[in-house]
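Engineer: So that you have it, the file is upload19.tsv, and it contains TSV, C-alpha atoms and all ligand atoms:
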```tsv
chain	number	residue	atom	x	y	z
A	187	MET	CA	5.54	-33.54	-11.94
A	188	THR	CA	7.95	-31.33	-10.01
A	189	THR	CA	7.27	-30.84	-6.33
A	190	MET	CA	9.78	-28.02	-5.86
A	191	MET	CA	9.87	-24.33	-6.78
A	192	LYS	CA	12.21	-21.34	-6.46
A	193	ALA	CA	11.47	-18.62	-3.91
A	194	TRP	CA	12.98	-15.52	-2.25
A	195	GLN	CA	13.09	-17.03	1.22
A	196	PHE	CA	14.37	-15.84	4.61
A	197	GLU	CA	15.26	-18.38	7.31
A	198	ARG	CA	15.85	-15.78	10.03
A	199	TYR	CA	14.68	-12.23	10.60
A	200	GLY	CA	17.00	-9.49	9.40
A	201	ARG	CA	17.60	-6.89	6.71
A	202	TYR	CA	16.50	-7.99	3.22
A	203	ASP	CA	20.09	-7.74	1.90
A	204	GLU	CA	21.31	-10.07	4.64
A	205	VAL	CA	18.55	-12.69	4.86
A	206	LEU	CA	16.78	-12.98	1.48
A	207	GLU	CA	18.00	-15.97	-0.57
A	208	TRP	CA	16.78	-17.44	-3.89
A	209	VAL	CA	16.34	-21.09	-2.84
A	210	ASP	CA	14.50	-24.32	-3.66
A	211	ARG	CA	11.38	-24.83	-1.62
A	212	PRO	CA	8.51	-27.34	-1.74
A	213	LEU	CA	5.64	-26.37	-4.01
A	214	PRO	CA	2.78	-25.31	-1.69
A	215	GLU	CA	-0.38	-27.41	-1.78
A	216	PRO	CA	-3.68	-25.50	-1.62
A	217	GLY	CA	-5.86	-26.35	1.38
A	218	PRO	CA	-9.58	-25.62	1.84
A	219	ASN	CA	-10.58	-22.19	0.46
A	220	GLU	CA	-7.21	-21.79	-1.23
A	221	ALA	CA	-5.74	-21.96	-4.71
A	222	ARG	CA	-2.15	-22.33	-5.93
A	223	VAL	CA	-1.18	-19.58	-8.36
A	224	ARG	CA	1.78	-19.51	-10.80
A	225	THR	CA	3.27	-16.07	-10.26
A	226	ARG	CA	3.41	-13.48	-13.06
A	227	ALA	CA	3.99	-10.23	-11.18
A	228	VAL	CA	4.52	-9.09	-7.59
A	229	SER	CA	4.52	-5.50	-6.37
A	230	LEU	CA	6.74	-4.39	-3.52
A	231	ASN	CA	5.27	-2.62	-0.48
A	232	PHE	CA	6.95	-0.82	2.40
A	233	PRO	CA	5.88	-3.62	4.80
A	234	ASP	CA	8.16	-6.02	2.85
A	235	LEU	CA	11.11	-4.23	4.46
A	236	LEU	CA	9.61	-4.73	7.92
A	237	ILE	CA	8.39	-8.31	7.43
A	238	THR	CA	11.86	-9.75	6.71
A	239	GLN	CA	12.99	-8.12	9.97
A	240	GLY	CA	10.08	-9.54	11.97
A	241	LEU	CA	9.01	-5.96	12.72
A	242	TYR	CA	5.56	-5.97	11.08
A	243	GLN	CA	2.26	-6.42	12.95
A	244	ALA	CA	2.07	-10.08	11.91
A	245	ARG	CA	5.25	-12.19	12.07
A	246	ALA	CA	5.70	-14.65	9.21
A	247	PRO	CA	6.60	-18.13	10.57
A	248	LEU	CA	10.12	-19.11	9.46
A	249	PRO	CA	11.32	-20.08	6.95
A	250	ALA	CA	9.16	-17.55	5.09
A	251	VAL	CA	8.88	-16.19	1.55
A	252	SER	CA	8.86	-12.44	0.96
A	253	GLY	CA	6.17	-10.48	-0.96
A	254	VAL	CA	2.62	-9.64	0.15
A	255	GLU	CA	0.83	-8.86	-3.14
A	256	GLY	CA	0.97	-10.84	-6.38
A	257	VAL	CA	-0.86	-11.78	-9.57
A	258	GLY	CA	-0.72	-14.99	-11.56
A	259	ILE	CA	-2.55	-17.94	-13.09
A	260	VAL	CA	-4.38	-20.52	-10.96
A	261	GLU	CA	-2.89	-23.99	-11.46
A	262	ALA	CA	-4.48	-25.98	-8.59
A	263	VAL	CA	-7.48	-25.43	-6.33
A	264	GLY	CA	-8.44	-26.72	-2.88
A	265	PRO	CA	-12.00	-27.47	-1.76
A	266	GLY	CA	-14.11	-24.30	-1.53
A	267	SER	CA	-11.95	-22.18	-3.83
A	268	PRO	CA	-14.12	-20.02	-6.13
A	269	PHE	CA	-11.41	-20.00	-8.79
A	270	GLU	CA	-10.81	-22.25	-11.80
A	271	VAL	CA	-7.52	-23.58	-13.14
A	272	GLY	CA	-6.29	-21.11	-15.80
A	273	GLN	CA	-7.98	-18.08	-14.23
A	274	ARG	CA	-5.91	-14.92	-13.55
A	275	VAL	CA	-6.11	-13.73	-9.95
A	276	VAL	CA	-4.49	-11.13	-7.71
A	277	SER	CA	-3.91	-11.93	-4.07
A	278	PHE	CA	-2.81	-10.30	-0.83
A	279	ASN	CA	-1.26	-12.12	2.13
A	280	ASN	CA	-0.23	-10.29	5.30
A	281	LEU	CA	2.23	-13.07	6.09
A	282	ALA	CA	3.94	-12.77	2.68
A	283	GLY	CA	4.73	-15.59	0.25
A	284	MET	CA	4.38	-14.06	-3.23
A	285	LEU	CA	8.02	-13.74	-4.36
A	286	ALA	CA	8.21	-17.32	-5.59
A	287	ASP	CA	7.35	-19.42	-8.65
A	288	CYS	CA	3.96	-20.07	-7.02
A	289	PHE	CA	1.95	-18.64	-4.13
A	290	ILE	CA	-1.18	-19.60	-2.21
A	291	ALA	CA	-4.27	-17.44	-2.78
A	292	HIS	CA	-6.79	-17.34	0.08
A	293	ASN	CA	-10.45	-16.83	-0.86
A	294	ALA	CA	-11.03	-13.71	1.27
A	295	THR	CA	-8.04	-11.77	-0.05
A	296	SER	CA	-7.94	-12.87	-3.69
A	297	TRP	CA	-9.85	-11.51	-6.66
A	298	ALA	CA	-10.22	-12.45	-10.33
A	299	VAL	CA	-8.46	-9.92	-12.58
A	300	PRO	CA	-10.53	-8.54	-15.49
A	301	ASP	CA	-8.99	-8.65	-18.98
A	302	HIS	CA	-8.63	-4.87	-19.21
A	303	VAL	CA	-6.21	-4.87	-16.23
A	304	SER	CA	-2.54	-5.73	-16.97
A	305	ASP	CA	-0.43	-7.91	-14.67
A	306	SER	CA	1.52	-4.86	-13.47
A	307	GLN	CA	-1.61	-2.83	-12.82
A	308	ALA	CA	-3.23	-5.69	-10.92
A	309	ALA	CA	-0.12	-6.24	-8.82
A	310	ALA	CA	0.29	-2.52	-8.12
A	311	LEU	CA	-3.34	-1.74	-7.38
A	312	SER	CA	-4.94	-3.97	-4.78
A	313	THR	CA	-3.08	-3.09	-1.55
A	314	THR	CA	-2.26	0.57	-2.16
A	315	TYR	CA	-5.56	1.59	-3.73
A	316	GLY	CA	-7.50	-0.79	-1.47
A	317	THR	CA	-5.92	0.88	1.56
A	318	SER	CA	-6.56	4.41	0.36
A	319	TYR	CA	-10.10	3.60	-0.79
A	320	TYR	CA	-11.04	2.06	2.57
A	321	ALA	CA	-9.43	4.92	4.45
A	322	LEU	CA	-11.14	7.71	2.52
A	323	VAL	CA	-14.53	6.03	2.00
A	324	HIS	CA	-15.14	3.76	4.98
A	325	ARG	CA	-13.09	5.50	7.69
A	326	ALA	CA	-13.00	9.23	6.84
A	327	HIS	CA	-16.31	9.38	4.91
A	328	ILE	CA	-14.75	12.02	2.69
A	329	GLN	CA	-17.18	14.44	1.05
A	330	PRO	CA	-16.97	16.38	-2.24
A	331	GLY	CA	-15.47	19.82	-1.67
A	332	GLU	CA	-13.53	18.80	1.45
A	333	THR	CA	-9.79	19.44	1.66
A	334	LEU	CA	-7.61	16.32	1.78
A	335	LEU	CA	-3.98	16.62	2.91
A	336	VAL	CA	-1.87	13.59	1.87
A	337	ALA	CA	1.54	13.07	3.50
A	338	GLY	CA	4.17	10.92	1.75
A	339	ALA	CA	2.02	11.72	-1.25
A	340	ALA	CA	4.36	10.29	-3.90
A	341	GLY	CA	4.64	6.89	-2.16
A	342	GLY	CA	2.56	3.83	-3.02
A	343	VAL	CA	-0.45	4.45	-0.78
A	344	GLY	CA	0.09	8.23	-1.01
A	345	LEU	CA	-0.31	8.49	-4.79
A	346	ALA	CA	-3.35	6.22	-4.58
A	347	ALA	CA	-4.85	8.63	-2.01
A	348	VAL	CA	-4.10	11.61	-4.27
A	349	GLN	CA	-5.83	10.00	-7.26
A	350	LEU	CA	-8.78	8.70	-5.23
A	351	GLY	CA	-9.16	12.03	-3.43
A	352	LYS	CA	-9.80	13.65	-6.81
A	353	VAL	CA	-12.23	10.85	-7.75
A	354	PHE	CA	-14.22	11.62	-4.58
A	355	GLY	CA	-14.32	15.34	-5.33
A	356	ALA	CA	-11.84	16.57	-2.72
A	357	ARG	CA	-9.38	19.42	-3.07
A	358	VAL	CA	-6.08	17.56	-2.68
A	359	ILE	CA	-2.99	19.04	-1.03
A	360	ALA	CA	-0.03	16.73	-1.71
A	361	ALA	CA	2.86	16.90	0.75
A	362	ALA	CA	6.18	15.19	-0.02
A	363	GLY	CA	9.90	15.52	0.50
A	364	SER	CA	11.25	16.63	-2.89
A	365	ALA	CA	10.39	18.73	-5.94
A	366	GLU	CA	10.61	15.64	-8.17
A	367	LYS	CA	8.07	13.76	-6.04
A	368	LEU	CA	5.75	16.77	-5.96
A	369	ALA	CA	5.86	17.03	-9.75
A	370	VAL	CA	4.60	13.43	-9.87
A	371	CYS	CA	1.80	14.36	-7.45
A	372	ARG	CA	0.83	17.32	-9.63
A	373	ASP	CA	0.76	15.07	-12.72
A	374	ASN	CA	-1.57	12.77	-10.79
A	375	GLY	CA	-4.12	15.44	-9.99
A	376	ALA	CA	-2.94	17.19	-6.81
A	377	ASP	CA	-4.33	20.73	-6.57
A	378	GLU	CA	-1.69	22.12	-4.17
A	379	LEU	CA	1.85	21.02	-3.36
A	380	ILE	CA	3.91	21.29	-0.17
A	381	ASN	CA	7.59	20.32	0.11
A	382	TYR	CA	7.91	19.52	3.83
A	383	GLN	CA	11.69	19.39	3.61
A	384	GLU	CA	11.72	23.09	2.76
A	385	GLU	CA	8.40	24.57	3.90
A	386	ASP	CA	6.46	24.74	7.18
A	387	ILE	CA	3.59	22.35	6.48
A	388	VAL	CA	1.33	23.81	9.18
A	389	GLU	CA	1.66	27.37	7.92
A	390	ARG	CA	1.23	26.33	4.30
A	391	VAL	CA	-1.92	24.29	4.98
A	392	LYS	CA	-3.43	27.12	6.99
A	393	ALA	CA	-2.58	29.61	4.22
A	394	LEU	CA	-4.16	27.34	1.60
A	395	THR	CA	-7.37	26.88	3.64
A	396	ASP	CA	-7.98	30.45	4.93
A	397	GLY	CA	-6.84	29.28	8.36
A	398	ARG	CA	-9.36	26.42	8.61
A	399	GLY	CA	-6.97	23.49	8.17
A	400	ALA	CA	-7.50	20.23	6.24
A	401	ASP	CA	-10.76	18.30	6.68
A	402	VAL	CA	-9.06	14.94	6.15
A	403	ILE	CA	-5.38	14.19	6.73
A	404	TYR	CA	-4.00	10.96	5.26
A	405	ASP	CA	-0.83	9.97	7.14
A	406	PRO	CA	1.31	6.96	6.12
A	407	VAL	CA	4.46	8.54	7.63
A	408	GLY	CA	3.79	9.23	11.35
A	409	ALA	CA	6.81	10.44	13.37
A	410	ASP	CA	7.51	14.22	13.39
A	411	LEU	CA	5.20	14.79	10.43
A	412	PHE	CA	2.17	13.58	12.39
A	413	ASP	CA	3.15	15.88	15.27
A	414	GLN	CA	3.10	18.81	12.86
A	415	MET	CA	-0.02	17.86	10.89
A	416	LYS	CA	-2.21	17.47	13.97
A	417	ARG	CA	-1.85	21.27	14.28
A	418	CYS	CA	-3.42	21.98	10.87
A	419	ILE	CA	-6.57	19.89	10.99
A	420	ALA	CA	-9.97	21.56	10.49
A	421	TRP	CA	-12.89	21.60	12.93
A	422	GLU	CA	-14.47	18.11	12.75
A	423	GLY	CA	-11.44	16.90	10.80
A	424	ARG	CA	-10.44	13.26	10.47
A	425	MET	CA	-6.80	12.23	10.88
A	426	LEU	CA	-6.24	8.89	9.12
A	427	VAL	CA	-3.52	6.75	10.73
A	428	ILE	CA	-2.18	4.64	7.84
A	429	GLY	CA	1.42	3.81	8.72
A	430	PHE	CA	4.72	4.82	10.21
A	431	ALA	CA	7.22	4.95	7.33
A	432	GLY	CA	9.02	7.70	9.27
A	433	GLY	CA	9.97	5.09	11.90
A	434	ARG	CA	8.22	6.42	15.05
A	435	ILE	CA	4.66	5.77	16.20
A	436	PRO	CA	3.34	9.18	17.28
A	437	THR	CA	0.89	10.06	20.05
A	438	ILE	CA	-1.80	12.71	20.35
A	439	GLU	CA	-3.26	14.68	23.27
A	440	CYS	CA	-6.96	13.97	23.92
A	441	ASN	CA	-7.65	17.65	24.67
A	442	ARG	CA	-6.55	18.53	21.14
A	443	MET	CA	-9.10	16.05	19.80
A	444	LEU	CA	-11.81	17.51	22.03
A	445	LEU	CA	-11.07	21.13	21.16
A	446	LYS	CA	-11.12	20.48	17.41
A	447	ASN	CA	-14.08	18.03	17.50
A	448	MET	CA	-11.68	15.83	15.53
A	449	ALA	CA	-11.35	12.09	15.05
A	450	VAL	CA	-8.15	10.08	14.83
A	451	VAL	CA	-9.08	7.07	12.74
A	452	GLY	CA	-7.01	3.92	12.21
A	453	LEU	CA	-7.18	1.70	9.17
A	454	ALA	CA	-5.84	-1.83	8.76
A	455	TRP	CA	-6.82	-2.79	5.23
A	456	GLY	CA	-5.87	-6.51	5.26
A	457	PRO	CA	-7.94	-7.35	8.37
A	458	CYS	CA	-10.84	-5.24	7.00
A	459	VAL	CA	-10.95	-7.41	3.88
A	460	GLU	CA	-10.54	-10.67	5.82
A	461	ARG	CA	-13.44	-9.72	8.14
A	462	ASN	CA	-15.75	-8.64	5.32
A	463	PRO	CA	-14.75	-10.36	2.05
A	464	ALA	CA	-17.87	-9.13	0.21
A	465	GLN	CA	-16.99	-5.52	0.99
A	466	GLY	CA	-13.37	-6.17	-0.05
A	467	ALA	CA	-14.51	-7.65	-3.37
A	468	ALA	CA	-16.84	-4.68	-3.97
A	469	CYS	CA	-13.93	-2.30	-3.34
A	470	GLN	CA	-11.71	-4.17	-5.84
A	471	GLN	CA	-14.48	-4.12	-8.43
A	472	HIS	CA	-14.96	-0.38	-7.97
A	473	LEU	CA	-11.20	0.15	-8.37
A	474	TYR	CA	-11.15	-1.90	-11.60
A	475	ASP	CA	-14.10	0.16	-12.89
A	476	LEU	CA	-12.25	3.39	-12.07
A	477	LEU	CA	-9.15	2.04	-13.85
A	478	ARG	CA	-11.20	1.15	-16.93
A	479	VAL	CA	-12.45	4.73	-17.33
A	480	GLY	CA	-9.01	6.23	-16.62
A	481	ALA	CA	-9.99	7.81	-13.29
A	482	ILE	CA	-7.09	6.04	-11.56
A	483	ASP	CA	-3.85	4.56	-12.88
A	484	PRO	CA	-1.08	3.11	-10.71
A	485	VAL	CA	2.27	4.80	-11.24
A	486	ILE	CA	4.98	2.19	-11.82
A	487	TYR	CA	8.39	3.63	-10.89
A	488	ARG	CA	10.28	0.61	-12.17
A	489	THR	CA	9.66	-2.95	-13.36
A	490	LEU	CA	12.40	-5.39	-12.38
A	491	PRO	CA	13.02	-9.09	-13.06
A	492	PHE	CA	12.81	-11.63	-10.24
A	493	ALA	CA	16.60	-11.74	-10.03
A	494	GLU	CA	16.60	-8.08	-8.90
A	495	VAL	CA	14.26	-8.26	-5.91
A	496	ARG	CA	17.01	-7.02	-3.59
A	497	GLU	CA	17.56	-3.97	-5.85
A	498	GLY	CA	13.81	-3.25	-5.63
A	499	MET	CA	13.96	-3.41	-1.85
A	500	ARG	CA	17.02	-1.14	-1.86
A	501	LEU	CA	15.19	1.45	-3.95
A	502	MET	CA	12.22	1.33	-1.58
A	503	GLU	CA	14.49	1.75	1.43
A	504	SER	CA	16.38	4.63	-0.23
A	505	ARG	CA	13.19	6.73	-0.23
A	506	ALA	CA	14.11	7.82	-3.78
A	507	LEU	CA	11.24	6.16	-5.59
A	508	TYR	CA	7.71	7.33	-6.27
A	509	GLY	CA	4.74	5.04	-6.99
A	510	LYS	CA	5.33	1.31	-7.14
A	511	ILE	CA	8.03	-1.21	-7.98
A	512	VAL	CA	6.75	-4.29	-9.79
A	513	ILE	CA	8.71	-7.53	-10.03
A	514	GLU	CA	7.80	-9.51	-13.17
A	515	ARG	CA	8.55	-13.04	-14.32
A	601	LIG	N1	-2.86	0.67	7.19
A	601	LIG	C1	-2.76	-0.18	6.18
A	601	LIG	O1	-3.63	-1.03	5.96
A	601	LIG	C2	-1.56	-0.07	5.28
A	601	LIG	C3	-1.55	-0.68	4.02
A	601	LIG	C4	-0.40	-0.51	3.21
A	601	LIG	C5	0.68	0.24	3.68
A	601	LIG	N2	0.62	0.77	4.93
A	601	LIG	C6	1.73	1.57	5.47
A	601	LIG	O2	1.82	2.79	4.75
A	601	LIG	C7	3.18	3.25	4.79
A	601	LIG	C8	3.63	3.57	3.37
A	601	LIG	O3	3.64	2.37	2.58
A	601	LIG	P1	4.00	2.45	1.03
A	601	LIG	O4	4.04	1.05	0.52
A	601	LIG	O5	3.18	3.46	0.36
A	601	LIG	O6	5.52	2.99	1.14
A	601	LIG	P2	6.40	3.89	0.15
A	601	LIG	O7	5.90	3.75	-1.26
A	601	LIG	O8	7.81	3.56	0.43
A	601	LIG	O9	6.07	5.40	0.62
A	601	LIG	C9	6.40	5.84	1.89
A	601	LIG	C10	6.60	7.34	1.85
A	601	LIG	O10	6.87	7.75	3.19
A	601	LIG	C11	7.77	8.84	3.17
A	601	LIG	N3	8.77	8.67	4.23
A	601	LIG	C12	8.97	9.49	5.27
A	601	LIG	N4	9.94	9.05	6.04
A	601	LIG	C13	10.41	7.92	5.48
A	601	LIG	C14	11.45	7.02	5.82
A	601	LIG	N5	12.20	7.19	6.93
A	601	LIG	N6	11.67	5.96	5.00
A	601	LIG	C15	10.91	5.76	3.92
A	601	LIG	N7	9.89	6.58	3.54
A	601	LIG	C16	9.66	7.67	4.33
A	601	LIG	C17	8.39	8.92	1.78
A	601	LIG	O11	7.99	10.14	1.20
A	601	LIG	P3	8.88	11.48	1.30
A	601	LIG	O12	10.28	11.13	0.95
A	601	LIG	O13	8.22	12.35	0.29
A	601	LIG	O14	8.72	11.94	2.72
A	601	LIG	C18	7.79	7.76	1.00
A	601	LIG	O15	7.37	8.16	-0.30
A	601	LIG	C19	3.99	2.15	5.45
A	601	LIG	O16	4.19	2.48	6.81
A	601	LIG	C20	3.09	0.92	5.35
A	601	LIG	O17	3.32	-0.01	6.38
A	601	LIG	C21	-0.46	0.64	5.73
```
Is it possible to express this structure as structure tokens?
Structural biologist:
Amino acid sequence: MTTMMKAWQFERYGRYDEVLEWVDRPLPEPGPNEARVRTRAVSLNFPDLLITQGLYQARAPLPAVSGVEGVGIVEAVGPGSPFEVGQRVVSFNNLAGMLADCFIAHNATSWAVPDHVSDSQAAALSTTYGTSYYALVHRAHIQPGETLLVAGAAGGVGLAAVQLGKVFGARVIAAAGSAEKLAVCRDNGADELINYQEEDIVERVKALTDGRGADVIYDPVGADLFDQMKRCIAWEGRMLVIGFAGGRIPTIECNRMLLKNMAVVGLAWGPCVERNPAQGAACQQHLYDLLRVGAIDPVIYRTLPFAEVREGMRLMESRALYGKIVIER
């Protein structure tokens, strides 16, 4: 039996197009509470760009394998794994490792995939929809009839927030940087559209809400956009800090929070799931149920073969894509 596999590995931190190499690497052995999974599909996430550079919250020990979210078939289990050989599972790992022939699935961040969910859907759904679900439900406690403003709304987590916002009965304002991206948001249920490359987002949100502002603001972009959006939040609004795709971590004045009775709420989905696996599993199950009835459906921008991982990363970096890129075997 072979003890080696192929993997998109980086031996030093740097840009994906400089450090990612398709190399031979030992087949990983599952330890306690782990399973080894033969990879079928991996979805790309913005953090992949940061992880190869050593710029993400958690630094993958080198040499590391890229890819944080994958689906495949269990082929070996360690003690304490709930999975069986032959079972299809999806798995998330903050320290990467999925862009390889096989990856290790940890109990707390891995879930069996129901038959009605395709490989691409499973790979595209867990992190983005898990993040947006946790943010809207557990952190913002969004209520039917509230106004939800989503920034970067055509991105991976953004489109998930648009779709889930509608599921939870919110009026969704999608904000993005091009007409093409906004058309995708409209097709995915957004009630109102703002092009923040061309329009003043603060004025538009105020006009759309009779001057009240948005009850919940979902922000995966940060930077200048956060600075603007904090000026169009409603009384008792919740500003969800999801990420900093815009490249700068913003700050906020405490007096602004006091005067608006507002909350600035952070969300780190991976650690949430690791700390409370039962809650994470319940979230995944709810997402699969919503997918079954057609209430949500991940938008796949492009499916690429394993050989074109660098092209997938390039597309993500270019900011041209909407939805998700899935890498399939
Ligand atoms: N908190 C968590 O647990 C969690 C989980 C997953 C992801 N995240 C974070 O959420 C953010 C988005 O992740 P994603 O996978 O959804 O990414 P994505 O699909 O690439 O979407 C990011 C969006 O941000 C906007 N953007 C603004 N400035 C940008 C820039 N300089 N470069 C690239 N995009 C820019 C783009 O929309 P426009 O062109 O329309 O502006 C783009 O659609 C990342 O910061 C990621 O780390 C956080």
Engineer: Using all atoms listed in the file, pick whichever of A:Thr225, A:Ser296, A:Ser252, A:Gln470 has the shortest atom-to-atom distance to Thr317 of chain A.
Structural biologist: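 Of A:Thr225, A:Ser296, A:Ser252, A:Gln470, the one nearest Thr317 of chain A is A:Gln470, counting all atoms listed in the file.
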Engineer: What does the structure give for the distance between atom CA of Ser364 of chain A and atom CA of Trp455 of chain A, in Å to one decimal?
Structural biologist: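 Computing the Euclidean distance for atom CA of Ser364 of chain A and atom CA of Trp455 of chain A yields 27.7 Å.
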Engineer: Looking at A:Val459, A:Arg434, A:Glu215, A:His327, which one is nearest to Thr189 of chain A, with distances taken over all atoms listed in the file?
Structural biologist: A:Glu215
Engineer: If I take atom O3 of ligand LIG 601 (chain A) and atom CA of Gln273 of chain A, how far is one from the other in Å, to one decimal?
Structural biologist: 28.9 Å
Engineer: Quick one: residues within 7 Å of ligand LIG 601 (chain A), with all atoms listed in the file, as a PyMOL selection string?
Structural biologist: chain A and resi 231-233+313-314+317+338-344+362-364+367+406-407+428-433+453-456+502-510
Engineer: Quick check, in Å to one decimal: how far apart do atom CA of Pro300 of chain A and atom CA of Ala221 of chain A lie?
Structural biologist: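 So the answer is 17.9 Å.
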Engineer: Neighbours of segment 255-271 of chain A within 8 Å (only C-alpha atoms; same-chain residues fewer than 4 positions away dropped), as a PyMOL selection string?
Structural biologist: chain A and resi 216-230+275-279+282+284-285+293+298+305+308-309+312-313
Engineer: Using all atoms listed in the file, determine which residues lie at most 9 Å from Val402 of chain A, disregarding the query and same-chain residues fewer than 2 positions distant; provide the list as a list in words.
Structural biologist: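 Contacts, with the query itself left out: Leu322, Ala326, Ile328, Glu332, Thr333, Leu334, Leu335, Val336, Ala400, Tyr404, Ile419, Ala420, Gly423, Arg424, Met425 and Leu426 of chain A.
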Engineer: Select all residues near (-8.0, 21.6, 21.0) (cut-off 12 Å, inclusive, file coordinates), counting all atoms listed in the file, and output them as a PyMOL selection string.
Structural biologist: chain A and resi 416-423+438-449
Engineer: Near Leu411 of chain A, within 9 Å and counting only C-alpha atoms, which residues show up once chain neighbours fewer than 2 positions away are dropped, as a PyMOL selection string?
Structural biologist: chain A and resi 337+382+387+405+407-409+413-416+432
Engineer: I'd like the neighbourhood of Val303 of chain A as a ChimeraX atom specification, where a residue qualifies if any of its atoms comes within 12 Å (using only C-alpha atoms), though same-chain residues fewer than 6 positions away should be ignored.
Structural biologist: /A:257,274-276,309-312,470-471,473-480,482-484
Engineer: Between A:Arg325, A:Ile486, A:Asn280, A:Gly397, which has the minimum distance to Val370 of chain A (counting all atoms listed in the file)?
Structural biologist: A:Ile486
Engineer: Which residue, A:Cys288, A:Asp377, A:Val485, A:Asp210, has the smallest gap to Ala346 of chain A when you use all atoms listed in the file?
Structural biologist: A:Val485
Engineer: Write out as a PyMOL selection string each polymer residue whose atoms come within 8 Å of Asn374 of chain A, counting all atoms listed in the file; drop sequence neighbours fewer than 4 positions from it.
Structural biologist: chain A and resi 345+348-349+370
Engineer: Kindly export the residues of the current selection with C-alpha atoms, as a PDB file, keeping the file's coordinate frame.
Structural biologist:
```pdb
ATOM      1  CA  LEU A 345      -0.310   8.490  -4.790  1.00  0.00           C
ATOM      2  CA  VAL A 348      -4.100  11.610  -4.270  1.00  0.00           C
ATOM      3  CA  GLN A 349      -5.830  10.000  -7.260  1.00  0.00           C
ATOM      4  CA  VAL A 370       4.600  13.430  -9.870  1.00  0.00           C
TER       5      VAL A 370
END
```
Engineer: Please determine, counting all atoms listed in the file, which residue among A:Ile380, A:Val388, A:Ala244, A:Val209 has the shortest atom-to-atom distance to Pro457 of chain A.
Structural biologist: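 Result for the nearest residue to Pro457 of chain A: A:Ala244.
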Engineer: Since fewer atoms than expected are present, regenerate N, CA, C and O atoms for segment 378-389 of chain A and write them as a short mmCIF file (atom, residue, chain, number, x, y, z; two decimals), in the frame of the given file.
Structural biologist:
```cif
data_model
loop_
_atom_site.label_atom_id
_atom_site.label_comp_id
_atom_site.auth_asym_id
_atom_site.auth_seq_id
_atom_site.Cartn_x
_atom_site.Cartn_y
_atom_site.Cartn_z
N GLU A 378 -2.70 21.29 -4.85
CA GLU A 378 -1.69 22.12 -4.17
C GLU A 378 -0.54 21.22 -3.75
O GLU A 378 -0.73 20.03 -3.50
N LEU A 379 0.65 21.80 -3.66
CA LEU A 379 1.85 21.02 -3.36
C LEU A 379 2.61 21.64 -2.19
O LEU A 379 2.76 22.86 -2.13
N ILE A 380 3.07 20.80 -1.28
CA ILE A 380 3.91 21.29 -0.17
C ILE A 380 5.16 20.42 -0.07
O ILE A 380 5.04 19.18 0.04
N ASN A 381 6.33 21.04 -0.11
CA ASN A 381 7.59 20.32 0.11
C ASN A 381 7.94 20.45 1.59
O ASN A 381 8.43 21.50 2.02
N TYR A 382 7.71 19.39 2.38
CA TYR A 382 7.91 19.52 3.83
C TYR A 382 9.37 19.43 4.26
O TYR A 382 9.67 19.54 5.44
N GLN A 383 10.26 19.26 3.27
CA GLN A 383 11.69 19.39 3.61
C GLN A 383 12.10 20.86 3.61
O GLN A 383 13.11 21.23 4.21
N GLU A 384 11.33 21.68 2.91
CA GLU A 384 11.72 23.09 2.76
C GLU A 384 10.71 24.06 3.34
O GLU A 384 11.04 25.21 3.59
N GLU A 385 9.45 23.64 3.49
CA GLU A 385 8.40 24.57 3.90
C GLU A 385 7.79 24.11 5.23
O GLU A 385 7.81 22.92 5.56
N ASP A 386 7.19 25.05 5.95
CA ASP A 386 6.46 24.74 7.18
C ASP A 386 5.07 24.25 6.80
O ASP A 386 4.23 25.02 6.33
N ILE A 387 4.83 22.95 6.98
CA ILE A 387 3.59 22.35 6.48
C ILE A 387 2.36 22.95 7.17
O ILE A 387 1.32 23.17 6.54
N VAL A 388 2.48 23.26 8.44
CA VAL A 388 1.33 23.81 9.18
C VAL A 388 0.94 25.17 8.62
O VAL A 388 -0.23 25.44 8.30
N GLU A 389 1.93 26.03 8.45
CA GLU A 389 1.66 27.37 7.92
C GLU A 389 1.10 27.32 6.52
O GLU A 389 0.17 28.05 6.17
#
```
